[in-house]
Amino acid sequence: AVTAATMQNIKFYCGWFCPYAQGVWTYLEMLSIHGFEYIEINPYKRRDSKQKMSLEEKARLYPEFIKASPLGLIPAIDHDGHFVSTCTDCMKYIADVLDTKKRMLNQDPEKLWQFFHFCQQELVPYFYRALLAQEKNEQNLALQYFLDHLHIAQAQMLEANGFFLGDHFSIADLALAPWWQRLPILMHYRNLHDLNKDPAFARLHSWWAAVSSDPSFQKTMAPISNLIHNYREYANGSATSTVAKTFAPQKYL
Ligand SMILES: N[C@@H](CCC(=O)N[C@@H](CS)C(=O)NCC(=O)O)C(=O)O
């Protein structure tokens, strides 16, 4: 069984700015009584940049991290020599192995994972496409798709108020929360209107009120002004990171 003591054997490779890592971090905070080892990794060439660092360079700077994450991406976990990387696999590992009381699941975990994958695979890409696109009409198209997917997301919530499950935080919430927190980035660089004031997103307002008042999630929230600065190379088209390549807008629109 996983006890508080074995939680202490977790090395969590994270980055303060990384939304993929943030969901995993929140989950670990929720389960942890005596803590885990938080290891800050900057996978880019410079501080606050989005310039790709070669794998060789990462392996030289962070040899232990590369063992846990062979592609050199955060988040990653080293649990007593058991290595897990990518946001989804880390979440699954925590849910299966560490969340012994299944605090973040319910009787129907399949529905939660479905929503999780919908957010990760369908919705989140438009956040990046809107930010990465340099042409105005590509930006606007991506923003429109992003809003369409947010509408679908809120329609899928299982209860009328609060978290995805109503009164209970779950993995479903963690798939969307880091990007909703980052909406001001799209407001700053892409003129997105304030969705927190848009009555079309009333269900998500109630959801965000619940998520953003949770102490575990709050621990992981970077100041938005720091995030806006950190994301500027996505917005000005100079980013060379994996995310920038994966969501290069011309490939998708
Ligand atoms: N598909 C990965 C994405 C993770 C990711 O792209 N993380 C970024 C930071 S937000 C990273 O480590 N980038 C380093 C790089 O591009 O080399 C996941 O789901 O975990």
# chains A, B, ... in the order shown; residues from 1 in each chain; ligands from 1
>>> closest_atom_pairs(of="chain A", to="ligand 1", cutoff="9 Å", atoms="only C-alpha atoms and all ligand atoms", output="JSON lines")
{"residue": "A:Cys14", "atom": "CA", "partner": "ligand 1", "partner_atom_place_in_ligand_line": "12 (O)", "distance": 8.5}
{"residue": "A:Gly15", "atom": "CA", "partner": "ligand 1", "partner_atom_place_in_ligand_line": "9 (C)", "distance": 7.1}
{"residue": "A:Phe17", "atom": "CA", "partner": "ligand 1", "partner_atom_place_in_ligand_line": "10 (S)", "distance": 6.7}
{"residue": "A:Cys18", "atom": "CA", "partner": "ligand 1", "partner_atom_place_in_ligand_line": "10 (S)", "distance": 3.8}
{"residue": "A:Pro19", "atom": "CA", "partner": "ligand 1", "partner_atom_place_in_ligand_line": "10 (S)", "distance": 5.9}
{"residue": "A:Tyr20", "atom": "CA", "partner": "ligand 1", "partner_atom_place_in_ligand_line": "20 (O)", "distance": 5.4}
{"residue": "A:Ala21", "atom": "CA", "partner": "ligand 1", "partner_atom_place_in_ligand_line": "20 (O)", "distance": 6.9}
{"residue": "A:Ile41", "atom": "CA", "partner": "ligand 1", "partner_atom_place_in_ligand_line": "12 (O)", "distance": 8.5}
{"residue": "A:Asn42", "atom": "CA", "partner": "ligand 1", "partner_atom_place_in_ligand_line": "12 (O)", "distance": 8.0}
{"residue": "A:Pro43", "atom": "CA", "partner": "ligand 1", "partner_atom_place_in_ligand_line": "14 (C)", "distance": 4.8}
{"residue": "A:Tyr44", "atom": "CA", "partner": "ligand 1", "partner_atom_place_in_ligand_line": "14 (C)", "distance": 6.1}
{"residue": "A:Lys50", "atom": "CA", "partner": "ligand 1", "partner_atom_place_in_ligand_line": "16 (O)", "distance": 7.2}
{"residue": "A:Gln51", "atom": "CA", "partner": "ligand 1", "partner_atom_place_in_ligand_line": "16 (O)", "distance": 7.7}
{"residue": "A:Lys52", "atom": "CA", "partner": "ligand 1", "partner_atom_place_in_ligand_line": "17 (O)", "distance": 5.0}
{"residue": "A:Met53", "atom": "CA", "partner": "ligand 1", "partner_atom_place_in_ligand_line": "17 (O)", "distance": 5.9}
{"residue": "A:Ser54", "atom": "CA", "partner": "ligand 1", "partner_atom_place_in_ligand_line": "17 (O)", "distance": 7.5}
{"residue": "A:Leu55", "atom": "CA", "partner": "ligand 1", "partner_atom_place_in_ligand_line": "17 (O)", "distance": 8.0}
{"residue": "A:Lys58", "atom": "CA", "partner": "ligand 1", "partner_atom_place_in_ligand_line": "17 (O)", "distance": 8.9}
{"residue": "A:Leu71", "atom": "CA", "partner": "ligand 1", "partner_atom_place_in_ligand_line": "17 (O)", "distance": 7.8}
{"residue": "A:Gly72", "atom": "CA", "partner": "ligand 1", "partner_atom_place_in_ligand_line": "17 (O)", "distance": 6.1}
{"residue": "A:Leu73", "atom": "CA", "partner": "ligand 1", "partner_atom_place_in_ligand_line": "12 (O)", "distance": 3.3}
{"residue": "A:Ile74", "atom": "CA", "partner": "ligand 1", "partner_atom_place_in_ligand_line": "12 (O)", "distance": 4.0}
{"residue": "A:Pro75", "atom": "CA", "partner": "ligand 1", "partner_atom_place_in_ligand_line": "20 (O)", "distance": 5.6}
{"residue": "A:Ala76", "atom": "CA", "partner": "ligand 1", "partner_atom_place_in_ligand_line": "20 (O)", "distance": 7.9}
{"residue": "A:Ser85", "atom": "CA", "partner": "ligand 1", "partner_atom_place_in_ligand_line": "20 (O)", "distance": 6.7}
{"residue": "A:Thr86", "atom": "CA", "partner": "ligand 1", "partner_atom_place_in_ligand_line": "20 (O)", "distance": 3.2}
{"residue": "A:Cys87", "atom": "CA", "partner": "ligand 1", "partner_atom_place_in_ligand_line": "20 (O)", "distance": 3.7}
{"residue": "A:Thr88", "atom": "CA", "partner": "ligand 1", "partner_atom_place_in_ligand_line": "19 (O)", "distance": 5.8}
{"residue": "A:Asp89", "atom": "CA", "partner": "ligand 1", "partner_atom_place_in_ligand_line": "20 (O)", "distance": 8.0}
{"residue": "A:Cys90", "atom": "CA", "partner": "ligand 1", "partner_atom_place_in_ligand_line": "20 (O)", "distance": 8.2}
{"residue": "A:Gln120", "atom": "CA", "partner": "ligand 1", "partner_atom_place_in_ligand_line": "19 (O)", "distance": 7.8}
{"residue": "A:Thr240", "atom": "CA", "partner": "ligand 1", "partner_atom_place_in_ligand_line": "16 (O)", "distance": 7.5}
{"residue": "A:Ser241", "atom": "CA", "partner": "ligand 1", "partner_atom_place_in_ligand_line": "16 (O)", "distance": 3.8}
{"residue": "A:Thr242", "atom": "CA", "partner": "ligand 1", "partner_atom_place_in_ligand_line": "16 (O)", "distance": 3.7}
{"residue": "A:Val243", "atom": "CA", "partner": "ligand 1", "partner_atom_place_in_ligand_line": "6 (O)", "distance": 5.0}
{"residue": "A:Ala244", "atom": "CA", "partner": "ligand 1", "partner_atom_place_in_ligand_line": "16 (O)", "distance": 7.7}
{"residue": "A:Lys245", "atom": "CA", "partner": "ligand 1", "partner_atom_place_in_ligand_line": "16 (O)", "distance": 8.5}
{"residue": "A:Thr246", "atom": "CA", "partner": "ligand 1", "partner_atom_place_in_ligand_line": "6 (O)", "distance": 8.7}
>>> residues_around(residues="His205 (chain A)", least_positions_apart="3", cutoff="12 Å", atoms="only C-alpha atoms", output="PyMOL selection string")
chain A and resi 150+154+160-164+177+180-181+194-202+208-212
>>> atom_distance(atom1="CA of Tyr231 (chain A)", atom2="CA of Met30 (chain A)")
27.3 Å
>>> residues_around(residues="region 213-230 of chain A", least_positions_apart="4", cutoff="7 Å", atoms="only C-alpha atoms", output="number ranges by chain")
A: 16-17, 22, 25-26, 29-30, 48-49, 185, 209
>>> write_last_selection(atoms="N, CA and C atoms", output="PDB file, in the first residue's frame")
ATOM      1  N   TRP A  16       7.415  25.794 -13.102  1.00  0.00           N
ATOM      2  CA  TRP A  16       6.409  26.685 -12.501  1.00  0.00           C
ATOM      3  C   TRP A  16       5.383  27.163 -13.527  1.00  0.00           C
ATOM      4  N   PHE A  17       5.805  27.244 -14.813  1.00  0.00           N
ATOM      5  CA  PHE A  17       4.969  27.832 -15.864  1.00  0.00           C
ATOM      6  C   PHE A  17       4.147  26.792 -16.604  1.00  0.00           C
ATOM      7  N   GLN A  22       1.073  21.321 -14.126  1.00  0.00           N
ATOM      8  CA  GLN A  22       0.280  21.907 -13.039  1.00  0.00           C
ATOM      9  C   GLN A  22      -0.838  20.979 -12.546  1.00  0.00           C
ATOM     10  N   TRP A  25       0.797  18.265 -10.529  1.00  0.00           N
ATOM     11  CA  TRP A  25       1.265  18.886  -9.277  1.00  0.00           C
ATOM     12  C   TRP A  25       0.092  19.038  -8.302  1.00  0.00           C
ATOM     13  N   THR A  26      -1.035  19.533  -8.805  1.00  0.00           N
ATOM     14  CA  THR A  26      -2.209  19.709  -7.949  1.00  0.00           C
ATOM     15  C   THR A  26      -2.650  18.367  -7.342  1.00  0.00           C
ATOM     16  N   GLU A  29      -0.299  17.407  -4.624  1.00  0.00           N
ATOM     17  CA  GLU A  29      -0.553  18.242  -3.433  1.00  0.00           C
ATOM     18  C   GLU A  29      -1.753  17.718  -2.659  1.00  0.00           C
ATOM     19  N   MET A  30      -2.780  17.309  -3.396  1.00  0.00           N
ATOM     20  CA  MET A  30      -3.995  16.834  -2.748  1.00  0.00           C
ATOM     21  C   MET A  30      -3.786  15.571  -1.942  1.00  0.00           C
ATOM     22  N   ASP A  48      12.746  31.838 -18.914  1.00  0.00           N
ATOM     23  CA  ASP A  48      11.596  32.502 -19.516  1.00  0.00           C
ATOM     24  C   ASP A  48      11.632  32.495 -21.044  1.00  0.00           C
ATOM     25  N   SER A  49      12.258  31.478 -21.640  1.00  0.00           N
ATOM     26  CA  SER A  49      12.226  31.400 -23.104  1.00  0.00           C
ATOM     27  C   SER A  49      11.464  30.149 -23.522  1.00  0.00           C
ATOM     28  N   ILE A 185      -3.612  35.313 -20.891  1.00  0.00           N
ATOM     29  CA  ILE A 185      -2.544  35.318 -21.908  1.00  0.00           C
ATOM     30  C   ILE A 185      -3.162  35.583 -23.282  1.00  0.00           C
ATOM     31  N   ALA A 209     -14.928  29.090  -9.956  1.00  0.00           N
ATOM     32  CA  ALA A 209     -15.015  29.537  -8.559  1.00  0.00           C
ATOM     33  C   ALA A 209     -14.651  28.382  -7.629  1.00  0.00           C
TER      34      ALA A 209
END
>>> select_by_dssp(residues="region 55-189 of chain A", states="strand (DSSP E or B)", output="ChimeraX atom specification")
/A:76-79,82-85,163,166
>>> closest_residue(among="A:Ala95, A:Leu143, A:Ala175, A:Met157", to="Asn191 (chain A)", atoms="only C-alpha atoms")
A:Leu143
>>> closest_residue(among="A:Leu132, A:Met104, A:Ile171, A:Cys119", to="His149 (chain A)", atoms="only C-alpha atoms")
A:Cys119
>>> select_by_dssp(residues="region 22-159 of chain A", states="alpha helix (DSSP H)", output="ChimeraX atom specification")
/A:22-31,55-61,63-68,87-93,109-117,124-132,136-156
>>> write_last_selection(atoms="C-alpha atoms", output="mmCIF file, in the first residue's frame")
data_model
loop_
_atom_site.group_PDB
_atom_site.id
_atom_site.type_symbol
_atom_site.label_atom_id
_atom_site.label_comp_id
_atom_site.auth_asym_id
_atom_site.auth_seq_id
_atom_site.Cartn_x
_atom_site.Cartn_y
_atom_site.Cartn_z
ATOM 1 C CA GLN A 22 0.280 21.907 -13.039
ATOM 2 C CA GLY A 23 -2.549 19.360 -13.091
ATOM 3 C CA VAL A 24 -0.209 16.595 -11.944
ATOM 4 C CA TRP A 25 1.265 18.886 -9.277
ATOM 5 C CA THR A 26 -2.209 19.709 -7.949
ATOM 6 C CA TYR A 27 -3.073 16.015 -7.721
ATOM 7 C CA LEU A 28 0.145 15.306 -5.770
ATOM 8 C CA GLU A 29 -0.553 18.242 -3.433
ATOM 9 C CA MET A 30 -3.995 16.834 -2.748
ATOM 10 C CA LEU A 31 -2.724 13.405 -1.802
ATOM 11 C CA LEU A 55 18.370 16.338 -25.534
ATOM 12 C CA GLU A 56 22.145 16.077 -25.101
ATOM 13 C CA GLU A 57 22.191 19.384 -23.260
ATOM 14 C CA LYS A 58 19.226 18.344 -21.092
ATOM 15 C CA ALA A 59 20.939 15.038 -20.283
ATOM 16 C CA ARG A 60 24.081 16.926 -19.275
ATOM 17 C CA LEU A 61 22.238 19.432 -17.074
ATOM 18 C CA PRO A 63 20.691 13.473 -15.939
ATOM 19 C CA GLU A 64 18.176 12.223 -13.349
ATOM 20 C CA PHE A 65 15.283 14.003 -15.057
ATOM 21 C CA ILE A 66 16.108 12.482 -18.462
ATOM 22 C CA LYS A 67 15.933 9.003 -16.945
ATOM 23 C CA ALA A 68 12.332 9.736 -15.951
ATOM 24 C CA CYS A 87 0.788 14.641 -18.220
ATOM 25 C CA THR A 88 -1.738 11.909 -19.011
ATOM 26 C CA ASP A 89 0.519 9.022 -17.970
ATOM 27 C CA CYS A 90 1.475 10.796 -14.719
ATOM 28 C CA MET A 91 -2.219 11.376 -13.924
ATOM 29 C CA LYS A 92 -3.025 7.726 -14.665
ATOM 30 C CA TYR A 93 -0.128 6.524 -12.538
ATOM 31 C CA PRO A 109 -13.995 6.920 -13.814
ATOM 32 C CA GLU A 110 -14.459 6.323 -17.540
ATOM 33 C CA LYS A 111 -16.546 9.525 -17.819
ATOM 34 C CA LEU A 112 -13.807 11.491 -16.063
ATOM 35 C CA TRP A 113 -11.080 10.170 -18.358
ATOM 36 C CA GLN A 114 -13.262 10.847 -21.400
ATOM 37 C CA PHE A 115 -13.514 14.500 -20.381
ATOM 38 C CA PHE A 116 -9.813 14.542 -19.554
ATOM 39 C CA HIS A 117 -8.910 13.319 -23.054
ATOM 40 C CA VAL A 124 -6.193 22.621 -25.403
ATOM 41 C CA PRO A 125 -4.623 22.528 -28.911
ATOM 42 C CA TYR A 126 -6.719 25.581 -29.888
ATOM 43 C CA PHE A 127 -5.317 27.556 -26.973
ATOM 44 C CA TYR A 128 -1.856 27.098 -28.487
ATOM 45 C CA ARG A 129 -2.951 27.483 -32.109
ATOM 46 C CA ALA A 130 -4.558 30.838 -31.314
ATOM 47 C CA LEU A 131 -1.382 31.971 -29.578
ATOM 48 C CA LEU A 132 1.063 30.588 -32.167
ATOM 49 C CA LYS A 136 -4.994 37.548 -37.917
ATOM 50 C CA ASN A 137 -7.587 35.322 -39.595
ATOM 51 C CA GLU A 138 -5.831 32.142 -38.397
ATOM 52 C CA GLN A 139 -5.772 33.561 -34.872
ATOM 53 C CA ASN A 140 -9.466 34.370 -34.997
ATOM 54 C CA LEU A 141 -10.402 30.997 -36.412
ATOM 55 C CA ALA A 142 -8.424 29.212 -33.699
ATOM 56 C CA LEU A 143 -10.017 31.433 -31.021
ATOM 57 C CA GLN A 144 -13.458 30.583 -32.385
ATOM 58 C CA TYR A 145 -12.695 26.837 -32.256
ATOM 59 C CA PHE A 146 -11.325 27.303 -28.742
ATOM 60 C CA LEU A 147 -14.605 28.949 -27.634
ATOM 61 C CA ASP A 148 -16.663 26.244 -29.385
ATOM 62 C CA HIS A 149 -14.772 23.589 -27.432
ATOM 63 C CA LEU A 150 -15.244 25.450 -24.150
ATOM 64 C CA HIS A 151 -18.991 25.403 -24.842
ATOM 65 C CA ILE A 152 -18.841 21.649 -25.392
ATOM 66 C CA ALA A 153 -16.777 21.260 -22.213
ATOM 67 C CA GLN A 154 -19.236 23.094 -20.013
ATOM 68 C CA ALA A 155 -22.171 21.188 -21.537
ATOM 69 C CA GLN A 156 -20.459 17.932 -20.540
#
>>> atom_distance(atom1="CA of His79 (chain A)", atom2="CA of Met7 (chain A)")
8.1 Å
>>> residues_around(residues="Ser32 (chain A)", least_positions_apart="5", cutoff="12 Å", atoms="only C-alpha atoms", output="list in words")
Val2, Thr3, Ala4, Ala5, Thr6, Met7, Gln8, Asn9, Ile10, Trp25, Thr26, Tyr27, Glu37, Tyr38, Ile94, Leu98, Asp99, Thr100, Arg103 and Ser216 of chain A
>>> write_last_selection(atoms="C-alpha atoms", output="PDB file, in the first residue's frame")
ATOM      1  CA  VAL A   2       1.096   3.559  -0.570  1.00  0.00           C
ATOM      2  CA  THR A   3       1.630   5.383   2.670  1.00  0.00           C
ATOM      3  CA  ALA A   4       2.673   8.921   3.447  1.00  0.00           C
ATOM      4  CA  ALA A   5       6.233   7.556   3.673  1.00  0.00           C
ATOM      5  CA  THR A   6       6.230   6.242   0.099  1.00  0.00           C
ATOM      6  CA  MET A   7       4.806   9.556  -1.116  1.00  0.00           C
ATOM      7  CA  GLN A   8       8.074  11.002   0.166  1.00  0.00           C
ATOM      8  CA  ASN A   9       9.931   8.798  -2.303  1.00  0.00           C
ATOM      9  CA  ILE A  10       8.425  10.741  -5.181  1.00  0.00           C
ATOM     10  CA  TRP A  25       1.265  18.886  -9.277  1.00  0.00           C
ATOM     11  CA  THR A  26      -2.209  19.709  -7.949  1.00  0.00           C
ATOM     12  CA  TYR A  27      -3.073  16.015  -7.721  1.00  0.00           C
ATOM     13  CA  GLU A  37      10.296  16.182  -3.705  1.00  0.00           C
ATOM     14  CA  TYR A  38       9.492  19.028  -6.099  1.00  0.00           C
ATOM     15  CA  ILE A  94      -1.163   8.665  -9.591  1.00  0.00           C
ATOM     16  CA  LEU A  98      -0.876   6.566  -5.365  1.00  0.00           C
ATOM     17  CA  ASP A  99      -4.516   7.582  -4.949  1.00  0.00           C
ATOM     18  CA  THR A 100      -5.337   4.577  -2.798  1.00  0.00           C
ATOM     19  CA  ARG A 103     -10.164  10.636  -3.968  1.00  0.00           C
ATOM     20  CA  SER A 216      -4.065  22.463  -3.469  1.00  0.00           C
TER      21      SER A 216
END
>>> atom_distance(atom1="CA of Pro178 (chain A)", atom2="CA of Leu204 (chain A)")
13.4 Å
>>> closest_residue(among="A:Tyr62, A:Trp179, A:Trp207, A:Phe247", to="Tyr234 (chain A)", atoms="only C-alpha atoms")
A:Phe247
